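Participant: Take a look at target.csv, CSV, N, CA and C atoms:
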chain,number,residue,atom,x,y,z
A,553,GLN,N,-54.1,69.1,-128.3
A,553,GLN,CA,-53.6,70.5,-128.2
A,553,GLN,C,-53.0,70.9,-129.5
A,554,VAL,N,-53.2,72.1,-129.9
A,554,VAL,CA,-52.7,72.6,-131.2
A,554,VAL,C,-51.5,73.5,-130.9
A,555,GLN,N,-50.4,73.2,-131.7
A,555,GLN,CA,-49.2,74.0,-131.5
A,555,GLN,C,-49.1,74.9,-132.8
A,556,LEU,N,-48.7,76.2,-132.5
A,556,LEU,CA,-48.5,77.1,-133.6
A,556,LEU,C,-47.1,77.7,-133.4
A,557,VAL,N,-46.3,77.7,-134.5
A,557,VAL,CA,-44.9,78.2,-134.4
A,557,VAL,C,-44.7,79.2,-135.6
A,558,GLU,N,-44.5,80.5,-135.2
A,558,GLU,CA,-44.2,81.5,-136.2
A,558,GLU,C,-42.8,81.6,-136.5
A,559,SER,N,-42.5,81.9,-137.8
A,559,SER,CA,-41.1,82.1,-138.2
A,559,SER,C,-41.1,83.2,-139.3
A,560,GLY,N,-39.9,83.8,-139.5
A,560,GLY,CA,-39.7,84.7,-140.6
A,560,GLY,C,-39.6,86.2,-140.2
A,561,GLY,N,-39.7,86.4,-138.9
A,561,GLY,CA,-39.5,87.8,-138.5
A,561,GLY,C,-38.0,88.2,-138.5
A,562,GLY,N,-37.8,89.5,-138.2
A,562,GLY,CA,-36.5,90.0,-138.2
A,562,GLY,C,-36.4,91.5,-138.4
A,563,LEU,N,-35.2,92.0,-138.7
A,563,LEU,CA,-35.0,93.4,-138.9
A,563,LEU,C,-35.0,93.7,-140.4
A,564,VAL,N,-35.7,94.7,-140.8
A,564,VAL,CA,-35.7,95.1,-142.3
A,564,VAL,C,-35.8,96.6,-142.4
A,565,GLN,N,-35.3,97.1,-143.5
A,565,GLN,CA,-35.3,98.5,-143.7
A,565,GLN,C,-36.7,99.0,-144.2
A,566,PRO,N,-37.0,100.2,-144.0
A,566,PRO,CA,-38.3,100.7,-144.6
A,566,PRO,C,-38.3,100.5,-146.1
A,567,GLY,N,-39.5,100.0,-146.5
A,567,GLY,CA,-39.6,99.7,-147.9
A,567,GLY,C,-39.3,98.3,-148.3
A,568,GLY,N,-38.8,97.5,-147.3
A,568,GLY,CA,-38.4,96.2,-147.5
A,568,GLY,C,-39.6,95.2,-147.4
A,569,SER,N,-39.3,93.9,-147.5
A,569,SER,CA,-40.3,92.9,-147.4
A,569,SER,C,-39.9,91.8,-146.5
A,570,LEU,N,-40.9,91.1,-145.9
A,570,LEU,CA,-40.7,89.9,-145.1
A,570,LEU,C,-41.8,89.0,-145.4
A,571,ILE,N,-41.6,87.7,-145.1
A,571,ILE,CA,-42.7,86.7,-145.2
A,571,ILE,C,-42.7,86.0,-143.8
A,572,LEU,N,-43.8,86.1,-143.1
A,572,LEU,CA,-44.1,85.4,-141.9
A,572,LEU,C,-44.8,84.1,-142.2
A,573,SER,N,-44.4,83.0,-141.5
A,573,SER,CA,-45.1,81.8,-141.7
A,573,SER,C,-45.5,81.2,-140.4
A,574,CYS,N,-46.6,80.6,-140.3
A,574,CYS,CA,-47.1,80.0,-139.1
A,574,CYS,C,-47.4,78.5,-139.4
A,575,ALA,N,-46.6,77.7,-138.7
A,575,ALA,CA,-46.8,76.2,-138.9
A,575,ALA,C,-47.7,75.7,-137.8
A,576,VAL,N,-48.7,75.0,-138.3
A,576,VAL,CA,-49.8,74.4,-137.4
A,576,VAL,C,-49.6,72.9,-137.2
A,577,SER,N,-49.8,72.4,-136.0
A,577,SER,CA,-49.4,71.0,-135.7
A,577,SER,C,-50.5,70.0,-136.2
A,578,ARG,N,-51.6,70.5,-136.8
A,578,ARG,CA,-52.5,69.6,-137.4
A,578,ARG,C,-53.1,70.2,-138.6
A,579,SER,N,-53.8,69.4,-139.4
A,579,SER,CA,-54.4,69.9,-140.7
A,579,SER,C,-55.2,71.2,-140.5
A,580,ILE,N,-54.9,72.1,-141.3
A,580,ILE,CA,-55.6,73.4,-141.2
A,580,ILE,C,-57.0,73.3,-141.8
A,581,PHE,N,-57.4,72.2,-142.3
A,581,PHE,CA,-58.8,72.0,-142.7
A,581,PHE,C,-59.7,72.0,-141.5
A,582,SER,N,-59.2,71.8,-140.3
A,582,SER,CA,-60.0,71.8,-139.2
A,582,SER,C,-60.3,73.1,-138.6
A,583,PHE,N,-59.7,74.2,-139.2
A,583,PHE,CA,-59.9,75.5,-138.7
A,583,PHE,C,-60.7,76.4,-139.6
A,584,LYS,N,-61.7,77.1,-139.0
A,584,LYS,CA,-62.6,77.9,-139.9
A,584,LYS,C,-62.0,79.3,-140.1
A,585,LEU,N,-61.0,79.7,-139.3
A,585,LEU,CA,-60.5,81.0,-139.4
A,585,LEU,C,-59.0,81.0,-139.0
A,586,MET,N,-58.1,81.6,-139.8
A,586,MET,CA,-56.7,81.7,-139.4
A,586,MET,C,-56.3,83.2,-139.6
A,587,GLY,N,-55.5,83.7,-138.8
A,587,GLY,CA,-55.1,85.1,-138.9
A,587,GLY,C,-53.8,85.5,-138.3
A,588,TRP,N,-53.4,86.7,-138.5
A,588,TRP,CA,-52.3,87.3,-138.0
A,588,TRP,C,-52.7,88.6,-137.2
A,589,TYR,N,-52.1,88.7,-136.0
A,589,TYR,CA,-52.3,89.9,-135.2
A,589,TYR,C,-50.9,90.4,-134.9
A,590,ARG,N,-50.9,91.7,-134.4
A,590,ARG,CA,-49.7,92.3,-134.0
A,590,ARG,C,-49.9,93.1,-132.8
A,591,GLN,N,-48.8,93.3,-132.0
A,591,GLN,CA,-48.8,94.2,-130.8
A,591,GLN,C,-47.5,95.0,-130.8
A,592,ALA,N,-47.7,96.3,-131.0
A,592,ALA,CA,-46.6,97.2,-130.9
A,592,ALA,C,-46.3,97.6,-129.5
A,593,PRO,N,-45.1,98.0,-129.2
A,593,PRO,CA,-44.8,98.5,-127.8
A,593,PRO,C,-45.8,99.5,-127.3
A,594,GLY,N,-46.3,99.3,-126.1
A,594,GLY,CA,-47.3,100.2,-125.5
A,594,GLY,C,-48.6,100.3,-126.1
A,595,LYS,N,-48.9,99.4,-127.1
A,595,LYS,CA,-50.2,99.4,-127.7
A,595,LYS,C,-50.9,98.0,-127.5
A,596,GLU,N,-52.2,98.0,-127.8
A,596,GLU,CA,-53.0,96.8,-127.7
A,596,GLU,C,-52.8,95.9,-128.9
A,597,ARG,N,-53.0,94.7,-128.7
A,597,ARG,CA,-52.9,93.7,-129.9
A,597,ARG,C,-54.0,94.0,-130.9
A,598,GLU,N,-53.7,94.1,-132.1
A,598,GLU,CA,-54.7,94.4,-133.2
A,598,GLU,C,-54.6,93.3,-134.3
A,599,LEU,N,-55.8,93.2,-134.9
A,599,LEU,CA,-55.9,92.3,-136.0
A,599,LEU,C,-55.2,92.9,-137.2
A,600,VAL,N,-54.4,92.0,-137.9
A,600,VAL,CA,-53.8,92.5,-139.2
A,600,VAL,C,-54.5,91.9,-140.4
A,601,ALA,N,-54.7,90.6,-140.4
A,601,ALA,CA,-55.3,90.0,-141.5
A,601,ALA,C,-55.9,88.6,-141.1
A,602,VAL,N,-57.0,88.2,-141.7
A,602,VAL,CA,-57.6,86.9,-141.5
A,602,VAL,C,-57.9,86.3,-142.8
A,603,ILE,N,-58.0,84.9,-142.8
A,603,ILE,CA,-58.4,84.2,-143.9
A,603,ILE,C,-59.3,83.1,-143.5
A,604,THR,N,-60.5,82.9,-144.1
A,604,THR,CA,-61.4,81.8,-143.7
A,604,THR,C,-61.1,80.5,-144.4
A,605,SER,N,-61.8,79.5,-144.1
A,605,SER,CA,-61.6,78.2,-144.7
A,605,SER,C,-62.0,78.2,-146.2
A,606,THR,N,-62.8,79.2,-146.6
A,606,THR,CA,-63.2,79.3,-148.0
A,606,THR,C,-62.3,80.2,-148.8
A,607,GLY,N,-61.3,80.8,-148.1
A,607,GLY,CA,-60.4,81.7,-148.7
A,607,GLY,C,-60.7,83.2,-148.7
A,608,THR,N,-61.7,83.5,-148.1
A,608,THR,CA,-62.1,85.0,-147.9
A,608,THR,C,-61.1,85.6,-147.0
A,609,THR,N,-60.6,86.8,-147.4
A,609,THR,CA,-59.6,87.5,-146.6
A,609,THR,C,-60.1,88.9,-146.2
A,610,GLU,N,-59.6,89.4,-145.1
A,610,GLU,CA,-59.8,90.7,-144.6
A,610,GLU,C,-58.6,91.3,-144.0
A,611,TYR,N,-58.4,92.6,-144.1
A,611,TYR,CA,-57.2,93.3,-143.7
A,611,TYR,C,-57.5,94.5,-142.9
A,612,VAL,N,-56.7,94.9,-142.0
A,612,VAL,CA,-56.8,96.2,-141.3
A,612,VAL,C,-56.4,97.2,-142.4
A,613,ASP,N,-57.1,98.4,-142.3
A,613,ASP,CA,-56.9,99.4,-143.4
A,613,ASP,C,-55.4,99.8,-143.6
A,614,SER,N,-54.6,99.8,-142.5
A,614,SER,CA,-53.3,100.3,-142.6
A,614,SER,C,-52.3,99.4,-143.4
A,615,VAL,N,-52.8,98.1,-143.7
A,615,VAL,CA,-51.9,97.2,-144.4
A,615,VAL,C,-52.5,96.8,-145.8
A,616,LYS,N,-53.7,97.3,-146.1
A,616,LYS,CA,-54.3,96.9,-147.3
A,616,LYS,C,-53.4,97.4,-148.5
A,617,GLY,N,-53.2,96.5,-149.5
A,617,GLY,CA,-52.4,96.8,-150.6
A,617,GLY,C,-50.9,96.5,-150.4
A,618,ARG,N,-50.5,96.2,-149.1
A,618,ARG,CA,-49.1,95.9,-148.8
A,618,ARG,C,-48.9,94.5,-148.3
A,619,PHE,N,-49.9,94.0,-147.6
A,619,PHE,CA,-49.8,92.7,-147.0
A,619,PHE,C,-50.7,91.7,-147.7
A,620,THR,N,-50.3,90.4,-147.7
A,620,THR,CA,-51.2,89.4,-148.3
A,620,THR,C,-51.1,88.2,-147.4
A,621,ILE,N,-52.3,87.7,-147.0
A,621,ILE,CA,-52.4,86.5,-146.2
A,621,ILE,C,-52.8,85.3,-147.1
A,622,SER,N,-52.2,84.2,-146.8
A,622,SER,CA,-52.5,83.0,-147.6
A,622,SER,C,-52.4,81.7,-146.7
A,623,ARG,N,-53.0,80.7,-147.1
A,623,ARG,CA,-53.0,79.4,-146.4
A,623,ARG,C,-52.5,78.3,-147.3
A,624,ASN,N,-51.6,77.5,-146.8
A,624,ASN,CA,-51.1,76.3,-147.6
A,624,ASN,C,-51.6,75.1,-146.9
A,625,ASN,N,-52.6,74.5,-147.5
A,625,ASN,CA,-53.2,73.3,-146.9
A,625,ASN,C,-52.3,72.1,-146.8
A,626,ALA,N,-51.5,72.0,-147.9
A,626,ALA,CA,-50.6,70.8,-147.9
A,626,ALA,C,-49.5,70.9,-146.8
A,627,LYS,N,-49.0,72.1,-146.6
A,627,LYS,CA,-48.0,72.3,-145.6
A,627,LYS,C,-48.5,72.7,-144.2
A,628,SER,N,-49.8,72.9,-144.1
A,628,SER,CA,-50.5,73.3,-142.8
A,628,SER,C,-49.8,74.6,-142.3
A,629,THR,N,-49.7,75.6,-143.1
A,629,THR,CA,-49.2,76.9,-142.7
A,629,THR,C,-50.1,78.0,-143.2
A,630,VAL,N,-50.0,79.1,-142.5
A,630,VAL,CA,-50.7,80.3,-142.9
A,630,VAL,C,-49.6,81.4,-142.9
A,631,ASP,N,-49.5,82.0,-144.1
A,631,ASP,CA,-48.4,82.9,-144.3
A,631,ASP,C,-48.8,84.4,-144.5
A,632,LEU,N,-47.9,85.3,-144.2
A,632,LEU,CA,-48.2,86.7,-144.3
A,632,LEU,C,-47.1,87.3,-145.1
A,633,GLN,N,-47.3,87.7,-146.3
A,633,GLN,CA,-46.4,88.4,-147.2
A,633,GLN,C,-46.5,89.9,-146.9
A,634,MET,N,-45.4,90.5,-146.4
A,634,MET,CA,-45.4,91.9,-146.0
A,634,MET,C,-44.5,92.7,-146.9
A,635,ASN,N,-45.0,93.6,-147.7
A,635,ASN,CA,-44.3,94.4,-148.6
A,635,ASN,C,-44.3,95.9,-148.2
A,636,SER,N,-43.4,96.7,-148.7
A,636,SER,CA,-43.4,98.1,-148.5
A,636,SER,C,-43.5,98.4,-147.0
A,637,LEU,N,-42.7,97.7,-146.2
A,637,LEU,CA,-42.8,97.8,-144.7
A,637,LEU,C,-42.5,99.2,-144.3
A,638,LYS,N,-43.2,99.7,-143.2
A,638,LYS,CA,-43.0,101.0,-142.6
A,638,LYS,C,-42.6,100.8,-141.2
A,639,PRO,N,-41.9,101.8,-140.6
A,639,PRO,CA,-41.5,101.8,-139.2
A,639,PRO,C,-42.7,101.5,-138.3
A,640,GLU,N,-43.9,101.9,-138.6
A,640,GLU,CA,-45.1,101.7,-137.8
A,640,GLU,C,-45.6,100.3,-137.9
A,641,ASP,N,-45.0,99.4,-138.7
A,641,ASP,CA,-45.3,98.0,-138.8
A,641,ASP,C,-44.5,97.2,-137.7
A,642,THR,N,-43.6,97.9,-137.1
A,642,THR,CA,-42.8,97.2,-136.0
A,642,THR,C,-43.7,96.7,-134.9
A,643,ALA,N,-43.6,95.4,-134.6
A,643,ALA,CA,-44.4,94.8,-133.6
A,643,ALA,C,-44.1,93.4,-133.5
A,644,VAL,N,-44.6,92.7,-132.5
A,644,VAL,CA,-44.6,91.3,-132.4
A,644,VAL,C,-45.8,90.8,-133.1
A,645,TYR,N,-45.6,89.9,-134.0
A,645,TYR,CA,-46.7,89.3,-134.8
A,645,TYR,C,-47.1,88.0,-134.3
A,646,TYR,N,-48.4,87.8,-134.1
A,646,TYR,CA,-48.9,86.5,-133.6
A,646,TYR,C,-49.8,85.8,-134.6
A,647,CYS,N,-49.7,84.5,-134.6
A,647,CYS,CA,-50.6,83.7,-135.5
A,647,CYS,C,-51.7,83.2,-134.5
A,648,LYS,N,-52.9,83.2,-135.1
A,648,LYS,CA,-54.1,82.6,-134.3
A,648,LYS,C,-54.9,81.8,-135.3
A,649,VAL,N,-55.4,80.7,-134.7
A,649,VAL,CA,-56.4,79.9,-135.5
A,649,VAL,C,-57.6,79.6,-134.6
A,650,VAL,N,-58.8,79.5,-135.3
A,650,VAL,CA,-60.0,79.2,-134.6
A,650,VAL,C,-60.6,78.0,-135.2
A,651,ASP,N,-60.9,77.0,-134.3
A,651,ASP,CA,-61.4,75.7,-134.9
A,651,ASP,C,-62.9,75.8,-134.9
A,652,VAL,N,-63.5,74.7,-135.4
A,652,VAL,CA,-65.0,74.7,-135.7
A,652,VAL,C,-65.8,74.7,-134.4
A,653,GLY,N,-65.1,74.5,-133.2
A,653,GLY,CA,-65.7,74.6,-131.9
A,653,GLY,C,-65.5,76.0,-131.3
A,654,ASN,N,-65.0,76.9,-132.1
A,654,ASN,CA,-64.7,78.3,-131.7
A,654,ASN,C,-63.6,78.4,-130.6
A,655,ARG,N,-62.7,77.4,-130.6
A,655,ARG,CA,-61.6,77.5,-129.7
A,655,ARG,C,-60.5,78.2,-130.4
A,656,ASP,N,-59.8,79.1,-129.6
A,656,ASP,CA,-58.7,79.9,-130.2
A,656,ASP,C,-57.4,79.3,-129.8
A,657,TYR,N,-56.4,79.3,-130.7
A,657,TYR,CA,-55.1,78.9,-130.4
A,657,TYR,C,-54.1,79.9,-130.9
A,658,TRP,N,-53.1,80.2,-130.1
A,658,TRP,CA,-52.2,81.3,-130.4
A,658,TRP,C,-50.7,80.8,-130.5
A,659,GLY,N,-49.9,81.4,-131.4
A,659,GLY,CA,-48.5,81.2,-131.3
A,659,GLY,C,-47.9,82.1,-130.3
A,660,LYS,N,-46.5,82.0,-130.2
A,660,LYS,CA,-45.8,82.7,-129.2
A,660,LYS,C,-45.3,84.1,-129.7
A,661,GLY,N,-45.4,84.2,-131.0
A,661,GLY,CA,-45.1,85.5,-131.6
A,661,GLY,C,-43.7,85.6,-132.3
A,662,SER,N,-43.6,86.5,-133.2
A,662,SER,CA,-42.4,86.7,-134.0
A,662,SER,C,-42.2,88.2,-134.1
A,663,LEU,N,-41.0,88.7,-133.8
A,663,LEU,CA,-40.7,90.1,-133.8
A,663,LEU,C,-40.3,90.6,-135.2
A,664,VAL,N,-41.0,91.7,-135.6
A,664,VAL,CA,-40.7,92.3,-136.9
A,664,VAL,C,-40.3,93.8,-136.5
A,665,SER,N,-39.1,94.1,-136.9
A,665,SER,CA,-38.6,95.5,-136.7
A,665,SER,C,-38.3,96.1,-138.0
A,666,VAL,N,-38.8,97.3,-138.2
A,666,VAL,CA,-38.6,98.1,-139.4
A,666,VAL,C,-37.9,99.3,-139.1
A,667,SER,N,-36.6,99.4,-139.5
A,667,SER,CA,-35.8,100.5,-139.1
A,667,SER,C,-34.6,100.7,-140.1
A,668,SER,N,-34.2,101.9,-140.2
A,668,SER,CA,-33.0,102.2,-141.1
A,668,SER,C,-31.8,102.2,-140.2
Can you turn what I pasted into structure tokens?

Facilitator:
Amino acid sequence: QVQLVESGGGLVQPGGSLILSCAVSRSIFSFKLMGWYRQAPGKERELVAVITSTGTTEYVDSVKGRFTISRNNAKSTVDLQMNSLKPEDTAVYYCKVVDVGNRDYWGKGSLVSVSS
């Protein structure tokens, strides 16, 4: 069983920055896709950013130019650098990984609140 633990969420003012980190319980070399999703109150969960095993990244349009996803193979983490945060970025952020057998694993989520 794969365990994912998110950290780094919290309260930040508009325009501020946060780094979310997802620690994975086994080597991330075994995953073909790693990503961050978010779910705002009253809304469906949406994809924020993904990164493949080859380093290819994709972002939802609303975060392009502000968020950066990266993977640290040595530490078995996938991180999300979030800059220029807006109130509409407020959500619970979830980490997800997909292994080579197409099995999904999810973290329990980390709350990000952007408010003055």

Participant: Using backbone DSSP assignments, extract all strand (DSSP E) residues from chain A; output them as a VMD selection string.

Facilitator: chain A and resid 556 to 559 562 to 564 570 to 576 583 to 591 598 to 604 609 to 611 619 to 624 629 to 634 643 to 651 656 to 658 662 to 666

Participant: From the set A:Cys647, A:Lys627, A:Asp641, A:Val615, which residue has the shortest atom-to-atom contact distance to Val664 in chain A, counting only N, CA and C atoms?

Facilitator: A:Asp641

Participant: Excluding Thr642 in chain A and any residue of its chain fewer than 5 positions from it, enumerate the residues within 6.5 Å of it, using only N, CA and C atoms, and give them as a PyMOL selection string.

Facilitator: chain A and resi 591-593+664-666

Participant: Of the candidates A:Asn625, A:Arg597, A:Val612, A:Arg590, which shows the shortest atom-to-atom distance to Ala643 in chain A, using all atoms listed in the file?

Facilitator: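 Residue with the minimum atom-to-atom distance to Ala643 in chain A: A:Arg590.
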
Participant: In terms of the shortest atom-to-atom distance over only N, CA and C atoms, which of A:Gly607, A:Pro639, A:Gly653, A:Gly659 is closest to Gln565 in chain A?

Facilitator: A:Pro639

Participant: Can you list, as a list in words, every protein, DNA or RNA residue that comes within 6 Å of Asp631 in chain A when you count all atoms listed in the file, leaving out same-chain residues fewer than 5 positions away?

Facilitator: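 That gives Leu572, Ser573, Cys574, Thr620, Ile621, Ser622, Arg623 and Asn624 of chain A.
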
Participant: Hey, can you spit out that residue selection with N, CA and C atoms as an mmCIF file, in the coordinates of the input?

Facilitator:
data_model
loop_
_atom_site.group_PDB
_atom_site.id
_atom_site.type_symbol
_atom_site.label_atom_id
_atom_site.label_comp_id
_atom_site.auth_asym_id
_atom_site.auth_seq_id
_atom_site.Cartn_x
_atom_site.Cartn_y
_atom_site.Cartn_z
ATOM 1 N N LEU A 572 -43.800 86.100 -143.100
ATOM 2 C CA LEU A 572 -44.100 85.400 -141.900
ATOM 3 C C LEU A 572 -44.800 84.100 -142.200
ATOM 4 N N SER A 573 -44.400 83.000 -141.500
ATOM 5 C CA SER A 573 -45.100 81.800 -141.700
ATOM 6 C C SER A 573 -45.500 81.200 -140.400
ATOM 7 N N CYS A 574 -46.600 80.600 -140.300
ATOM 8 C CA CYS A 574 -47.100 80.000 -139.100
ATOM 9 C C CYS A 574 -47.400 78.500 -139.400
ATOM 10 N N THR A 620 -50.300 90.400 -147.700
ATOM 11 C CA THR A 620 -51.200 89.400 -148.300
ATOM 12 C C THR A 620 -51.100 88.200 -147.400
ATOM 13 N N ILE A 621 -52.300 87.700 -147.000
ATOM 14 C CA ILE A 621 -52.400 86.500 -146.200
ATOM 15 C C ILE A 621 -52.800 85.300 -147.100
ATOM 16 N N SER A 622 -52.200 84.200 -146.800
ATOM 17 C CA SER A 622 -52.500 83.000 -147.600
ATOM 18 C C SER A 622 -52.400 81.700 -146.700
ATOM 19 N N ARG A 623 -53.000 80.700 -147.100
ATOM 20 C CA ARG A 623 -53.000 79.400 -146.400
ATOM 21 C C ARG A 623 -52.500 78.300 -147.300
ATOM 22 N N ASN A 624 -51.600 77.500 -146.800
ATOM 23 C CA ASN A 624 -51.100 76.300 -147.600
ATOM 24 C C ASN A 624 -51.600 75.100 -146.900
#

Participant: Which residue is closest to Ala575 in chain A? Choose from A:Ser662, A:Thr608, A:Ser636, A:Thr629 and count all atoms listed in the file.

Facilitator: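 Smallest distance to Ala575 in chain A is found for A:Thr629.
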
Participant: I want to know what sits within 10 Å of Gly568 in chain A, based on only C-alpha atoms, with residues of the same chain fewer than 3 positions away left out; could you give that as a list in words?

Facilitator: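 Contacts, with the query itself left out: Leu563, Val564, Gln565, Met634, Asn635, Ser636, Leu637, Lys638, Val666 and Ser667 of chain A.
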
Participant: Could you list, as JSON, numbers by chain, every residue within 10 Å of Thr606 in chain A, counting only C-alpha atoms and ignoring same-chain residues fewer than 2 positions away?

Facilitator: {"A": [584, 585, 603, 604, 608, 609]}

Participant: Find the residue from A:Lys595, A:Lys648, A:Ile580, A:Ala601 that sits nearest to Gln633 in chain A; use only C-alpha atoms when measuring.

Facilitator: A:Ala601

Participant: Which value, in Å to one decimal, gives the distance between atom C of Val630 in chain A and atom C of Ser614 in chain A?

Facilitator: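 Taking atom C of Val630 in chain A as the start and atom C of Ser614 in chain A as the end point, the length is 18.2 Å.
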
Participant: When you draw a straight line from CA of Glu558 in chain A to CA of Tyr645 in chain A, how long is it in Å?

Facilitator: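 Between CA of Glu558 in chain A and CA of Tyr645 in chain A the gap is 8.3 Å.
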
Participant: So which residues touch Val650 in chain A within 6 Å, counting all atoms listed in the file, skipping near sequence neighbours fewer than 2 positions away, as a VMD selection string?

Facilitator: chain A and resid 582 to 586 648 652 654 to 657

Participant: Measure the distance from CA of Val554 in chain A to CA of Lys616 in chain A in Å and round it to one decimal.

Facilitator: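 One can read the CA of Val554 in chain A to CA of Lys616 in chain A distance as 29.2 Å.
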
Participant: I'd like to know which of A:Val649, A:Ser605, A:Asp613, A:Glu640 is closest to Gln555 in chain A, using only C-alpha atoms.

Facilitator: A:Val649
